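Colleague: My structure is in input-v9.txt, and what it holds is compact mmCIF, C-alpha atoms:
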```
# COMPACT_ATOMS: atom_id res chain seq x y z
CA MET A 562 51.11 -96.71 44.01
CA GLY A 563 53.48 -96.98 41.10
CA LYS A 564 50.77 -97.78 38.56
CA PHE A 565 49.08 -94.44 39.35
CA ARG A 566 52.11 -92.24 38.60
CA ARG A 567 50.61 -90.12 35.85
CA PRO A 568 51.03 -86.68 34.31
CA MET A 569 48.89 -85.05 36.96
CA PRO A 570 47.73 -83.20 38.97
CA HIS A 571 46.27 -79.94 37.87
CA CYS A 572 46.31 -78.09 41.18
CA ILE A 573 44.07 -75.03 41.37
CA VAL A 574 44.35 -72.71 44.35
CA GLU A 575 41.36 -70.45 44.87
CA TYR A 576 41.68 -67.76 47.52
CA SER A 577 40.10 -64.54 48.76
CA ALA A 578 41.97 -61.59 47.25
CA ASP A 579 42.46 -59.99 50.69
CA LEU A 580 45.10 -62.65 51.38
CA LYS A 581 47.51 -61.02 48.90
CA ALA A 582 48.33 -58.45 51.58
CA HIS A 583 49.38 -61.19 54.05
CA VAL A 584 50.42 -64.21 52.00
CA ASP A 585 53.08 -64.76 49.37
CA ILE A 586 51.03 -66.79 46.89
CA GLN A 587 54.14 -67.85 44.93
CA GLN A 588 55.58 -69.26 48.15
CA VAL A 589 52.33 -71.17 48.75
CA LEU A 590 52.56 -72.62 45.23
CA HIS A 591 56.18 -73.67 45.83
CA GLN A 592 55.25 -75.33 49.13
CA LEU A 593 52.31 -77.10 47.47
CA PHE A 594 54.64 -78.34 44.74
CA ASP A 595 56.98 -79.76 47.39
CA LEU A 596 54.08 -81.45 49.22
CA LEU A 597 52.79 -83.04 46.00
CA GLU A 598 56.29 -84.13 45.00
CA LYS A 599 56.85 -85.75 48.42
CA SER A 600 53.57 -87.66 48.13
CA ALA A 601 55.23 -89.91 45.49
CA GLU A 602 51.89 -90.00 43.63
CA PHE A 603 53.04 -87.80 40.75
CA ASP A 604 56.01 -87.25 38.48
CA SER A 605 57.58 -83.90 39.40
CA ALA A 606 57.75 -82.68 35.83
CA ALA A 607 53.99 -83.16 35.44
CA ILE A 608 52.79 -81.22 38.50
CA LYS A 609 50.92 -78.09 37.38
CA LEU A 610 49.80 -75.36 39.79
CA ARG A 611 47.87 -72.17 39.31
CA ALA A 612 46.17 -69.67 41.59
CA GLN A 613 43.00 -67.62 41.22
CA PRO A 614 42.08 -64.78 43.58
CA TYR A 615 38.45 -63.84 44.23
CA SER A 616 37.65 -60.25 45.13
CA ASP A 617 33.91 -60.82 45.52
CA VAL A 618 33.58 -63.06 48.56
CA PHE A 619 30.79 -63.45 51.08
CA SER A 620 29.94 -66.04 53.72
CA GLY A 621 28.20 -66.30 57.05
CA LEU A 622 31.54 -65.84 58.80
CA ALA A 623 32.71 -62.40 59.93
CA ASP A 624 36.14 -63.14 58.40
CA HIS A 625 35.68 -64.25 54.79
CA SER A 626 39.33 -65.17 54.11
CA PHE A 627 39.68 -68.56 52.49
CA MET A 628 41.95 -70.78 50.47
CA HIS A 629 40.59 -73.84 48.72
CA ILE A 630 42.86 -76.23 46.84
CA ARG A 631 41.50 -78.58 44.20
CA LEU A 632 43.60 -81.44 42.84
CA HIS A 633 42.30 -82.63 39.50
CA ILE A 634 43.77 -86.11 39.05
CA LEU A 635 43.08 -89.10 36.84
CA SER A 636 40.51 -91.42 38.39
CA GLY A 637 41.54 -94.67 40.00
CA ARG A 638 42.97 -93.74 43.39
CA SER A 639 41.35 -95.03 46.55
CA PRO A 640 39.49 -92.81 49.01
CA GLN A 641 42.40 -93.36 51.43
CA GLN A 642 44.94 -92.11 48.87
CA LYS A 643 42.81 -89.03 48.18
CA LEU A 644 42.39 -88.29 51.89
CA ALA A 645 46.15 -88.70 52.41
CA LEU A 646 46.77 -86.08 49.69
CA THR A 647 44.27 -83.53 51.00
CA SER A 648 45.35 -84.06 54.61
CA ALA A 649 49.01 -83.57 53.67
CA ILE A 650 48.11 -80.33 51.90
CA VAL A 651 46.01 -78.84 54.70
CA ASN A 652 48.43 -79.97 57.43
CA GLY A 653 51.46 -78.90 55.41
CA LEU A 654 50.14 -75.39 54.76
CA SER A 655 48.42 -74.71 58.09
CA ALA A 656 51.37 -73.09 59.86
CA GLN A 657 52.19 -70.82 56.91
CA LEU A 658 48.51 -69.87 56.50
CA ALA A 659 47.51 -69.46 60.16
CA MET A 660 45.76 -66.15 59.35
CA VAL A 661 43.43 -67.82 56.80
CA LYS A 662 40.01 -68.41 58.31
CA SER A 663 39.09 -71.36 56.07
CA LEU A 664 41.70 -73.66 54.51
CA SER A 665 40.39 -76.67 52.59
CA ALA A 666 41.41 -79.16 49.91
CA GLU A 667 39.63 -81.69 47.73
CA VAL A 668 40.41 -84.22 45.03
CA VAL A 669 38.42 -84.08 41.81
CA ASP A 670 38.60 -87.17 39.60
CA ILE A 671 39.24 -86.67 35.90
CA GLN A 672 37.64 -89.53 34.02
CA ARG A 673 40.33 -91.44 32.17
CA GLU A 674 37.96 -92.36 29.35
CA SER A 675 37.37 -88.73 28.36
CA TYR A 676 40.69 -87.07 29.22
CA THR A 677 42.69 -85.85 26.24
CA LYS A 678 46.04 -84.08 26.19
CA ARG A 679 48.33 -82.64 23.54
CA LEU A 680 52.03 -81.98 24.20
CA THR A 681 54.39 -80.28 21.81
```
I need this file expressed as structure tokens, please.

Modeller:
Amino acid sequence: MGKFRRPMPHCIVEYSADLKAHVDIQQVLHQLFDLLEKSAEFDSAAIKLRAQPYSDVFSGLADHSFMHIRLHILSGRSPQQKLALTSAIVNGLSAQLAMVKSLSAEVVDIQRESYTKRLT
């Protein structure tokens, strides 16, 4: 695992805007940070989180509330490592987000060969 400790992830939380009335999004981001930090996959100082509400939502479900978490990480981790991350996120947030109809997470690989970053 040590060789994969990189300046990642970019964690993007997408959610239905109706959740703002029931969920403290900042608290969700703090809990996500803690879950990612505890995974030992990432350096704490490099974890980046942001949230995006969606007011225009429609699905076949009567309750359209959702939260979807995408972890953009450098490629190279195994399917088992990725599943461990997404499972830890969904399981770790489930109690806090019991009112959310659909809670999901995925890992998106960033190709190492094309990733560029500038720090100042």

Colleague: Given only C-alpha atoms, how would the per-residue table for stretch 571-636 of chain A near stretch 643-654 of chain A read, listing every residue at most 8 Å away with its closest atom pair and distance in Å to one decimal, sorted by chain and number, as a tab-separated table?

Modeller:
```
residue	atom	partner	partner_atom	distance
A:Val589	CA	A:Leu654	CA	7.7
A:Gln592	CA	A:Leu654	CA	7.6
A:Leu593	CA	A:Ile650	CA	6.9
A:Leu596	CA	A:Ile650	CA	6.6
A:Leu597	CA	A:Leu646	CA	7.7
A:Ser600	CA	A:Leu646	CA	7.2
```

Colleague: Write out as an MDAnalysis selection string which residues come within 9 Å of A:Pro614 when counting all atoms listed in the file, dropping same-chain ones fewer than 3 positions away.

Modeller: chainID A and resid 574:581

Colleague: Nearest to A:Pro570 among A:Leu635, A:Met660, A:Val618, A:Ala601, with distances taken over only C-alpha atoms: which residue is it?

Modeller: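 So, comparing all the options, the nearest one is A:Leu635.
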
Colleague: Calculated over only C-alpha atoms, which of the candidates A:Gln641, A:Met569, A:Gln657, A:Asp624 has the smallest distance to A:Leu590?

Modeller: A:Gln657

Colleague: For A:Ala606, which residue among A:Lys678, A:His583, A:His633, A:His571 is the nearest when counting only C-alpha atoms?

Modeller: A:His571

Colleague: Rounded to one decimal in Å, what is the spacing between atom CA of A:Ser655 and atom CA of A:Ile671?

Modeller: 26.8 Å

Colleague: For a test of reading the model, state the distance in Å between atom CA of A:Ile586 and atom CA of A:Ile608, rounded to one decimal.

Modeller: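 These atoms are spaced 16.8 Å apart.
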
Colleague: May I ask which of the residues A:Ser605, A:Gln642, A:Phe594, A:Val584 is the closest one to A:Ser626, counting all atoms listed in the file?

Modeller: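 Ranked by minimum distance to A:Ser626, first place goes to A:Val584.
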
Colleague: Do you have the atom CA of A:Ile573-atom CA of A:Lys609 distance handy?

Modeller: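 If I compute the distance from atom CA of A:Ile573 to atom CA of A:Lys609, I get 8.5 Å.
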
Colleague: Start from the incomplete input, build N, CA and C atoms for stretch 619-642 of chain A, and deliver everything as a PDB file, in the frame of the given file.

Modeller:
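Just written: result00.pdb:
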```
ATOM      1  N   PHE A 619      31.730 -63.650  49.974  1.00  0.00           N
ATOM      2  CA  PHE A 619      30.790 -63.450  51.080  1.00  0.00           C
ATOM      3  C   PHE A 619      30.479 -64.803  51.694  1.00  0.00           C
ATOM      4  N   SER A 620      30.368 -64.826  53.010  1.00  0.00           N
ATOM      5  CA  SER A 620      29.940 -66.040  53.720  1.00  0.00           C
ATOM      6  C   SER A 620      29.292 -65.620  55.017  1.00  0.00           C
ATOM      7  N   GLY A 621      28.813 -66.592  55.760  1.00  0.00           N
ATOM      8  CA  GLY A 621      28.200 -66.300  57.050  1.00  0.00           C
ATOM      9  C   GLY A 621      29.213 -65.991  58.132  1.00  0.00           C
ATOM     10  N   LEU A 622      30.486 -66.128  57.833  1.00  0.00           N
ATOM     11  CA  LEU A 622      31.540 -65.840  58.800  1.00  0.00           C
ATOM     12  C   LEU A 622      31.897 -64.358  58.761  1.00  0.00           C
ATOM     13  N   ALA A 623      32.280 -63.804  59.887  1.00  0.00           N
ATOM     14  CA  ALA A 623      32.710 -62.400  59.930  1.00  0.00           C
ATOM     15  C   ALA A 623      33.985 -62.210  59.106  1.00  0.00           C
ATOM     16  N   ASP A 624      34.899 -63.171  59.180  1.00  0.00           N
ATOM     17  CA  ASP A 624      36.140 -63.140  58.400  1.00  0.00           C
ATOM     18  C   ASP A 624      35.915 -64.054  57.194  1.00  0.00           C
ATOM     19  N   HIS A 625      35.973 -63.481  56.002  1.00  0.00           N
ATOM     20  CA  HIS A 625      35.680 -64.250  54.790  1.00  0.00           C
ATOM     21  C   HIS A 625      36.934 -64.830  54.134  1.00  0.00           C
ATOM     22  N   SER A 626      38.106 -64.696  54.760  1.00  0.00           N
ATOM     23  CA  SER A 626      39.330 -65.170  54.110  1.00  0.00           C
ATOM     24  C   SER A 626      39.280 -66.693  53.943  1.00  0.00           C
ATOM     25  N   PHE A 627      39.682 -67.123  52.764  1.00  0.00           N
ATOM     26  CA  PHE A 627      39.680 -68.560  52.490  1.00  0.00           C
ATOM     27  C   PHE A 627      40.753 -68.915  51.480  1.00  0.00           C
ATOM     28  N   MET A 628      41.139 -70.179  51.516  1.00  0.00           N
ATOM     29  CA  MET A 628      41.950 -70.780  50.470  1.00  0.00           C
ATOM     30  C   MET A 628      41.429 -72.190  50.290  1.00  0.00           C
ATOM     31  N   HIS A 629      41.089 -72.500  49.044  1.00  0.00           N
ATOM     32  CA  HIS A 629      40.590 -73.840  48.720  1.00  0.00           C
ATOM     33  C   HIS A 629      41.444 -74.391  47.601  1.00  0.00           C
ATOM     34  N   ILE A 630      41.945 -75.602  47.795  1.00  0.00           N
ATOM     35  CA  ILE A 630      42.860 -76.230  46.840  1.00  0.00           C
ATOM     36  C   ILE A 630      42.174 -77.451  46.245  1.00  0.00           C
ATOM     37  N   ARG A 631      42.095 -77.451  44.920  1.00  0.00           N
ATOM     38  CA  ARG A 631      41.500 -78.580  44.200  1.00  0.00           C
ATOM     39  C   ARG A 631      42.586 -79.295  43.405  1.00  0.00           C
ATOM     40  N   LEU A 632      42.672 -80.592  43.603  1.00  0.00           N
ATOM     41  CA  LEU A 632      43.600 -81.440  42.840  1.00  0.00           C
ATOM     42  C   LEU A 632      42.777 -82.211  41.819  1.00  0.00           C
ATOM     43  N   HIS A 633      42.949 -81.877  40.574  1.00  0.00           N
ATOM     44  CA  HIS A 633      42.300 -82.630  39.500  1.00  0.00           C
ATOM     45  C   HIS A 633      43.272 -83.720  39.092  1.00  0.00           C
ATOM     46  N   ILE A 634      42.885 -84.976  39.344  1.00  0.00           N
ATOM     47  CA  ILE A 634      43.770 -86.110  39.050  1.00  0.00           C
ATOM     48  C   ILE A 634      42.994 -87.173  38.284  1.00  0.00           C
ATOM     49  N   LEU A 635      43.723 -87.999  37.551  1.00  0.00           N
ATOM     50  CA  LEU A 635      43.080 -89.100  36.840  1.00  0.00           C
ATOM     51  C   LEU A 635      42.431 -90.054  37.837  1.00  0.00           C
ATOM     52  N   SER A 636      41.260 -90.513  37.507  1.00  0.00           N
ATOM     53  CA  SER A 636      40.510 -91.420  38.390  1.00  0.00           C
ATOM     54  C   SER A 636      41.270 -92.716  38.610  1.00  0.00           C
ATOM     55  N   GLY A 637      40.952 -93.365  39.714  1.00  0.00           N
ATOM     56  CA  GLY A 637      41.540 -94.670  40.000  1.00  0.00           C
ATOM     57  C   GLY A 637      42.170 -94.779  41.376  1.00  0.00           C
ATOM     58  N   ARG A 638      42.381 -93.676  42.052  1.00  0.00           N
ATOM     59  CA  ARG A 638      42.970 -93.740  43.390  1.00  0.00           C
ATOM     60  C   ARG A 638      41.877 -94.040  44.415  1.00  0.00           C
ATOM     61  N   SER A 639      42.292 -94.654  45.490  1.00  0.00           N
ATOM     62  CA  SER A 639      41.350 -95.030  46.550  1.00  0.00           C
ATOM     63  C   SER A 639      40.961 -93.805  47.376  1.00  0.00           C
ATOM     64  N   PRO A 640      39.843 -93.901  48.101  1.00  0.00           N
ATOM     65  CA  PRO A 640      39.490 -92.810  49.010  1.00  0.00           C
ATOM     66  C   PRO A 640      40.596 -92.521  50.031  1.00  0.00           C
ATOM     67  N   GLN A 641      41.312 -93.544  50.467  1.00  0.00           N
ATOM     68  CA  GLN A 641      42.400 -93.360  51.430  1.00  0.00           C
ATOM     69  C   GLN A 641      43.552 -92.571  50.812  1.00  0.00           C
ATOM     70  N   GLN A 642      43.882 -92.850  49.549  1.00  0.00           N
ATOM     71  CA  GLN A 642      44.940 -92.110  48.870  1.00  0.00           C
ATOM     72  C   GLN A 642      44.549 -90.639  48.699  1.00  0.00           C
TER      73      GLN A 642
END
```
